[in-house]
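> Sharing a structure here in structure tokens format.
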Amino acid sequence: MSKITPKQVSDLRKTTGAGMMDCKKALVEANGNKEKAIEILRKKGQKVASNRSDRTSSQGFLLSSINHTNTEGVLFSLNCETDFVVKNKDFQDLAHRLAPLTLFSKNKEEFLSHVIDNQTVSEKLLHLTGITGEKIEVGAFLRLEAPYVGSYIHNGNQIGAIVGLTNRSENAAQLSENLAMQVVAMKPIAIDRSDVDPKLIAQEKEIAREFLIKEGKPEHLLDNIIRGKLERFYKENTLVNQLYIAEEKVTVKNYIKSIDPKVAVSGFKLYNLGR
């Protein structure tokens, strides 16, 4: 068996990011062959990933990527198990390297097969699992296409949104960012009342009716009271009917009109790692 030098261990660590002892053990097992040692470390990552497949990767680092024409955007998060790993610079650096690559893939599965550093993204995450001892995986992969797409990621990279506009205008960048901030702050479930799932509306009506009956409200008043509750539901939960966070007496719909009456929201995506 050849003697393993500190330089070999250091070189392998720089290449893989694995711990010094893990690198030394891999080199010993590979009889000093760097490529074999890398493969051993990859297999270790796969083994750790398998052992932790039932764990929850509820922590993570969220980023957005927008193409150069602002017509496509992706919300992307790299997830792990603990806040300790989220704060690790190497973990965040990898998230920043991977995020722009999401624009070349239509979905998460396609993205995981993308090649970076002579590895697929999937293999790279397995390798990082072996290094950290935590389950590492892609969390958010939310794509949006529109004539103009903008985004906002809140400080801390735990929650963010992308918003699509129906038209491009000179104010599109600021408008889309402000609307994305609105989405992050107020967490709407739909753009307008017509976009809310009818099943959800039926559920809200049923809950309200049961509550009012328990309160002893007269039967002939129930429908009117429920209509009022639904109006409040729409104002609180649909984007354009919410009060705009920067001007509390103005709805989002009226705010958009004040900026550009020819522009409307075509879609939005919200992701919250903290929920």
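Residue numbering restarts at 1 in every chain; chains get A, B, ... in the order shown in the structure tokens, and ligands count up from 1 in that same order.
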Which polymer residues have any atom within 10 Å of an atom of Val115 of chain A, counting only C-alpha atoms, with same-chain residues fewer than 6 positions away left out, as JSON, numbers by chain?

{"A": [101, 121, 122, 123, 124]}

> Keeping only N, CA, C and O atoms, take the residues you just selected and write them out as a tab-separated table (two decimals), in the first residue's frame.


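Okay, this is what ended up in result.tsv:
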```tsv
chain	number	residue	atom	x	y	z
A	101	LEU	N	-28.74	27.49	-13.42
A	101	LEU	CA	-28.91	26.32	-14.28
A	101	LEU	C	-30.37	25.89	-14.38
A	101	LEU	O	-30.74	25.18	-15.32
A	121	VAL	N	-26.45	16.97	-11.37
A	121	VAL	CA	-26.84	17.67	-10.15
A	121	VAL	C	-27.23	16.65	-9.07
A	121	VAL	O	-26.87	16.80	-7.90
A	122	SER	N	-27.92	15.60	-9.48
A	122	SER	CA	-28.33	14.57	-8.53
A	122	SER	C	-27.12	13.93	-7.85
A	122	SER	O	-27.11	13.75	-6.62
A	123	GLU	N	-26.10	13.62	-8.63
A	123	GLU	CA	-24.88	13.02	-8.06
A	123	GLU	C	-24.18	14.00	-7.13
A	123	GLU	O	-23.65	13.61	-6.08
A	124	LYS	N	-24.17	15.27	-7.51
A	124	LYS	CA	-23.51	16.28	-6.69
A	124	LYS	C	-24.20	16.42	-5.34
A	124	LYS	O	-23.54	16.58	-4.31
```

> Determine which residues of segment 13-125 of chain A receive a DSSP assignment of strand (DSSP E), computed from the backbone, and state them as a ChimeraX atom specification.

/A:59-66,72-80,115-116,119-120

> Mind dumping the selected residues with N, CA, C and O atoms as an mmCIF file, in the first residue's frame?


```cif
data_model
loop_
_atom_site.group_PDB
_atom_site.id
_atom_site.type_symbol
_atom_site.label_atom_id
_atom_site.label_comp_id
_atom_site.auth_asym_id
_atom_site.auth_seq_id
_atom_site.Cartn_x
_atom_site.Cartn_y
_atom_site.Cartn_z
ATOM 1 N N GLN A 59 -35.210 22.630 6.074
ATOM 2 C CA GLN A 59 -34.410 23.853 6.061
ATOM 3 C C GLN A 59 -33.851 24.056 4.651
ATOM 4 O O GLN A 59 -33.796 23.119 3.861
ATOM 5 N N GLY A 60 -33.425 25.279 4.348
ATOM 6 C CA GLY A 60 -32.870 25.478 3.018
ATOM 7 C C GLY A 60 -32.527 26.917 2.709
ATOM 8 O O GLY A 60 -32.630 27.811 3.562
ATOM 9 N N PHE A 61 -32.122 27.138 1.449
ATOM 10 C CA PHE A 61 -31.672 28.441 0.971
ATOM 11 C C PHE A 61 -32.373 28.695 -0.349
ATOM 12 O O PHE A 61 -32.222 27.939 -1.303
ATOM 13 N N LEU A 62 -33.175 29.768 -0.404
ATOM 14 C CA LEU A 62 -34.029 30.049 -1.554
ATOM 15 C C LEU A 62 -33.452 31.156 -2.428
ATOM 16 O O LEU A 62 -32.989 32.181 -1.922
ATOM 17 N N LEU A 63 -33.492 30.944 -3.744
ATOM 18 C CA LEU A 63 -33.015 31.928 -4.711
ATOM 19 C C LEU A 63 -33.984 31.994 -5.885
ATOM 20 O O LEU A 63 -34.774 31.077 -6.095
ATOM 21 N N SER A 64 -33.897 33.063 -6.656
ATOM 22 C CA SER A 64 -34.658 33.149 -7.897
ATOM 23 C C SER A 64 -33.692 33.377 -9.058
ATOM 24 O O SER A 64 -32.643 34.003 -8.880
ATOM 25 N N SER A 65 -34.058 32.854 -10.219
ATOM 26 C CA SER A 65 -33.293 33.091 -11.439
ATOM 27 C C SER A 65 -34.244 33.593 -12.513
ATOM 28 O O SER A 65 -35.307 32.999 -12.724
ATOM 29 N N ILE A 66 -33.861 34.673 -13.170
ATOM 30 C CA ILE A 66 -34.656 35.268 -14.248
ATOM 31 C C ILE A 66 -33.781 35.324 -15.503
ATOM 32 O O ILE A 66 -32.612 35.719 -15.424
ATOM 33 N N GLU A 72 -38.827 34.457 -18.378
ATOM 34 C CA GLU A 72 -38.894 33.205 -17.629
ATOM 35 C C GLU A 72 -38.224 33.399 -16.281
ATOM 36 O O GLU A 72 -37.196 34.071 -16.180
ATOM 37 N N GLY A 73 -38.812 32.798 -15.263
ATOM 38 C CA GLY A 73 -38.217 32.847 -13.938
ATOM 39 C C GLY A 73 -38.429 31.544 -13.199
ATOM 40 O O GLY A 73 -39.392 30.819 -13.463
ATOM 41 N N VAL A 74 -37.505 31.231 -12.296
ATOM 42 C CA VAL A 74 -37.609 30.016 -11.486
ATOM 43 C C VAL A 74 -37.291 30.346 -10.031
ATOM 44 O O VAL A 74 -36.303 31.025 -9.739
ATOM 45 N N LEU A 75 -38.155 29.896 -9.132
ATOM 46 C CA LEU A 75 -37.854 29.908 -7.698
ATOM 47 C C LEU A 75 -37.205 28.576 -7.371
ATOM 48 O O LEU A 75 -37.776 27.515 -7.643
ATOM 49 N N PHE A 76 -36.018 28.626 -6.779
ATOM 50 C CA PHE A 76 -35.239 27.407 -6.526
ATOM 51 C C PHE A 76 -34.723 27.414 -5.101
ATOM 52 O O PHE A 76 -34.237 28.433 -4.608
ATOM 53 N N SER A 77 -34.848 26.276 -4.429
ATOM 54 C CA SER A 77 -34.243 26.170 -3.101
ATOM 55 C C SER A 77 -33.422 24.893 -2.995
ATOM 56 O O SER A 77 -33.799 23.849 -3.526
ATOM 57 N N LEU A 78 -32.294 25.024 -2.319
ATOM 58 C CA LEU A 78 -31.483 23.869 -1.958
ATOM 59 C C LEU A 78 -31.803 23.567 -0.501
ATOM 60 O O LEU A 78 -31.626 24.428 0.362
ATOM 61 N N ASN A 79 -32.294 22.364 -0.242
ATOM 62 C CA ASN A 79 -32.796 22.030 1.086
ATOM 63 C C ASN A 79 -31.869 21.079 1.839
ATOM 64 O O ASN A 79 -31.153 20.276 1.235
ATOM 65 N N CYS A 80 -31.918 21.173 3.153
ATOM 66 C CA CYS A 80 -31.149 20.294 4.030
ATOM 67 C C CYS A 80 -31.965 20.081 5.310
ATOM 68 O O CYS A 80 -33.133 20.464 5.372
ATOM 69 N N VAL A 115 -25.641 18.449 -15.997
ATOM 70 C CA VAL A 115 -24.258 18.142 -15.610
ATOM 71 C C VAL A 115 -23.524 19.400 -15.172
ATOM 72 O O VAL A 115 -23.559 20.437 -15.855
ATOM 73 N N ILE A 116 -22.870 19.306 -14.025
ATOM 74 C CA ILE A 116 -22.023 20.378 -13.510
ATOM 75 C C ILE A 116 -20.809 19.732 -12.857
ATOM 76 O O ILE A 116 -20.940 18.761 -12.103
ATOM 77 N N GLN A 119 -20.460 15.976 -13.078
ATOM 78 C CA GLN A 119 -21.438 15.191 -12.333
ATOM 79 C C GLN A 119 -22.826 15.713 -12.670
ATOM 80 O O GLN A 119 -22.999 16.892 -12.996
ATOM 81 N N THR A 120 -23.814 14.845 -12.569
ATOM 82 C CA THR A 120 -25.178 15.361 -12.646
ATOM 83 C C THR A 120 -25.467 16.091 -11.342
ATOM 84 O O THR A 120 -24.793 15.865 -10.318
#
```

> Kindly indicate which residue among A:Ile40, A:Val85, A:Leu165, A:Val28 lies nearest to Lys262 of chain A, using only C-alpha atoms for the distances.

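Between A:Ile40, A:Val85, A:Leu165, A:Val28, the residue approaching Lys262 of chain A most closely is A:Leu165.
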
> Which residues, written as a PyMOL selection string, have at least one atom at most 12 Å from Lys205 of chain A, with only C-alpha atoms counted and residues fewer than 6 positions away on the same chain left out?

chain A and resi 198-199+211-212+222-231+233

> Given the selection you just returned, output its residues as a file containing N, CA, C and O atoms, formatted as a PDB file, in the first residue's frame.


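And here's selection36.pdb as it stands now:
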```pdb
ATOM      1  N   PRO A 198     -63.050  26.539  -6.712  1.00  0.00           N
ATOM      2  CA  PRO A 198     -64.451  26.472  -6.257  1.00  0.00           C
ATOM      3  C   PRO A 198     -64.647  25.549  -5.053  1.00  0.00           C
ATOM      4  O   PRO A 198     -65.516  25.793  -4.214  1.00  0.00           O
ATOM      5  N   LYS A 199     -63.830  24.492  -4.970  1.00  0.00           N
ATOM      6  CA  LYS A 199     -63.938  23.579  -3.824  1.00  0.00           C
ATOM      7  C   LYS A 199     -63.588  24.297  -2.527  1.00  0.00           C
ATOM      8  O   LYS A 199     -64.187  24.042  -1.476  1.00  0.00           O
ATOM      9  N   PHE A 211     -70.669  27.547  11.616  1.00  0.00           N
ATOM     10  CA  PHE A 211     -70.314  28.444  12.725  1.00  0.00           C
ATOM     11  C   PHE A 211     -71.477  29.360  13.085  1.00  0.00           C
ATOM     12  O   PHE A 211     -71.792  29.563  14.267  1.00  0.00           O
ATOM     13  N   LEU A 212     -72.138  29.905  12.061  1.00  0.00           N
ATOM     14  CA  LEU A 212     -73.253  30.825  12.295  1.00  0.00           C
ATOM     15  C   LEU A 212     -74.448  30.122  12.941  1.00  0.00           C
ATOM     16  O   LEU A 212     -75.133  30.694  13.809  1.00  0.00           O
ATOM     17  N   LEU A 222     -78.535  33.976   7.106  1.00  0.00           N
ATOM     18  CA  LEU A 222     -77.275  33.258   6.887  1.00  0.00           C
ATOM     19  C   LEU A 222     -76.616  33.583   5.544  1.00  0.00           C
ATOM     20  O   LEU A 222     -75.413  33.829   5.475  1.00  0.00           O
ATOM     21  N   ASP A 223     -77.389  33.560   4.456  1.00  0.00           N
ATOM     22  CA  ASP A 223     -76.812  33.767   3.128  1.00  0.00           C
ATOM     23  C   ASP A 223     -76.139  35.131   3.007  1.00  0.00           C
ATOM     24  O   ASP A 223     -75.042  35.251   2.438  1.00  0.00           O
ATOM     25  N   ASN A 224     -76.787  36.164   3.538  1.00  0.00           N
ATOM     26  CA  ASN A 224     -76.206  37.506   3.477  1.00  0.00           C
ATOM     27  C   ASN A 224     -74.931  37.604   4.303  1.00  0.00           C
ATOM     28  O   ASN A 224     -73.949  38.228   3.883  1.00  0.00           O
ATOM     29  N   ILE A 225     -74.950  37.002   5.478  1.00  0.00           N
ATOM     30  CA  ILE A 225     -73.755  37.021   6.340  1.00  0.00           C
ATOM     31  C   ILE A 225     -72.610  36.266   5.670  1.00  0.00           C
ATOM     32  O   ILE A 225     -71.456  36.714   5.669  1.00  0.00           O
ATOM     33  N   ILE A 226     -72.919  35.118   5.066  1.00  0.00           N
ATOM     34  CA  ILE A 226     -71.894  34.316   4.383  1.00  0.00           C
ATOM     35  C   ILE A 226     -71.311  35.078   3.205  1.00  0.00           C
ATOM     36  O   ILE A 226     -70.093  35.041   2.965  1.00  0.00           O
ATOM     37  N   ARG A 227     -72.155  35.794   2.459  1.00  0.00           N
ATOM     38  CA  ARG A 227     -71.657  36.609   1.346  1.00  0.00           C
ATOM     39  C   ARG A 227     -70.658  37.656   1.852  1.00  0.00           C
ATOM     40  O   ARG A 227     -69.626  37.912   1.233  1.00  0.00           O
ATOM     41  N   GLY A 228     -70.969  38.236   2.974  1.00  0.00           N
ATOM     42  CA  GLY A 228     -70.064  39.227   3.564  1.00  0.00           C
ATOM     43  C   GLY A 228     -68.741  38.610   3.987  1.00  0.00           C
ATOM     44  O   GLY A 228     -67.670  39.200   3.787  1.00  0.00           O
ATOM     45  N   LYS A 229     -68.809  37.414   4.553  1.00  0.00           N
ATOM     46  CA  LYS A 229     -67.583  36.719   4.957  1.00  0.00           C
ATOM     47  C   LYS A 229     -66.735  36.345   3.743  1.00  0.00           C
ATOM     48  O   LYS A 229     -65.502  36.411   3.787  1.00  0.00           O
ATOM     49  N   LEU A 230     -67.403  35.963   2.646  1.00  0.00           N
ATOM     50  CA  LEU A 230     -66.666  35.629   1.431  1.00  0.00           C
ATOM     51  C   LEU A 230     -65.973  36.860   0.850  1.00  0.00           C
ATOM     52  O   LEU A 230     -64.848  36.767   0.346  1.00  0.00           O
ATOM     53  N   GLU A 231     -66.649  38.006   0.905  1.00  0.00           N
ATOM     54  CA  GLU A 231     -66.036  39.242   0.422  1.00  0.00           C
ATOM     55  C   GLU A 231     -64.760  39.537   1.203  1.00  0.00           C
ATOM     56  O   GLU A 231     -63.737  39.919   0.622  1.00  0.00           O
ATOM     57  N   PHE A 233     -62.971  37.300   2.734  1.00  0.00           N
ATOM     58  CA  PHE A 233     -62.026  36.248   2.344  1.00  0.00           C
ATOM     59  C   PHE A 233     -61.287  36.635   1.063  1.00  0.00           C
ATOM     60  O   PHE A 233     -60.068  36.508   0.970  1.00  0.00           O
TER      61      PHE A 233
END
```

> Taking into account only C-alpha atoms, which residue in the set A:Leu41, A:Ile4, A:Val252, A:Leu27 is nearest to Gly130 of chain A?

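Once distances to Gly130 of chain A are computed over only C-alpha atoms, the minimum belongs to A:Leu41.
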
> For each of A:Arg209, A:Arg143, A:Lys253, A:Lys135, take the minimum atom-to-atom distance to Asp54 of chain A, counting only C-alpha atoms, then give the residue where this is smallest.

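Closest candidate: A:Lys135.
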
> Taking into account only C-alpha atoms, which residue in the set A:Ser113, A:Gln158, A:Asn31, A:Thr69 is nearest to Ala140 of chain A?

A:Gln158

> Would you mind reading off the distance between atom CA of Lys235 of chain A and atom CA of Leu270 of chain A, one decimal, in Å?

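These two atoms are separated by 18.2 Å.
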
> So that I can see what lies close to Ile259 of chain A, please list as a count of residues only the residues with an atom at most 10 Å from it, counting only C-alpha atoms and leaving out residues fewer than 5 positions away in the same chain.

7

> Could you check which of A:Glu248, A:Asp192, A:Glu134, A:Glu29 is closest to Ala264 of chain A, using only C-alpha atoms?

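Using only C-alpha atoms, Ala264 of chain A sits closest to A:Asp192.
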
> Which is closest to Val184 of chain A among A:Leu126, A:Leu273, A:Leu98, A:Val138, if we use only C-alpha atoms?

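Checking each candidate against Val184 of chain A, we get A:Leu273 as the closest.
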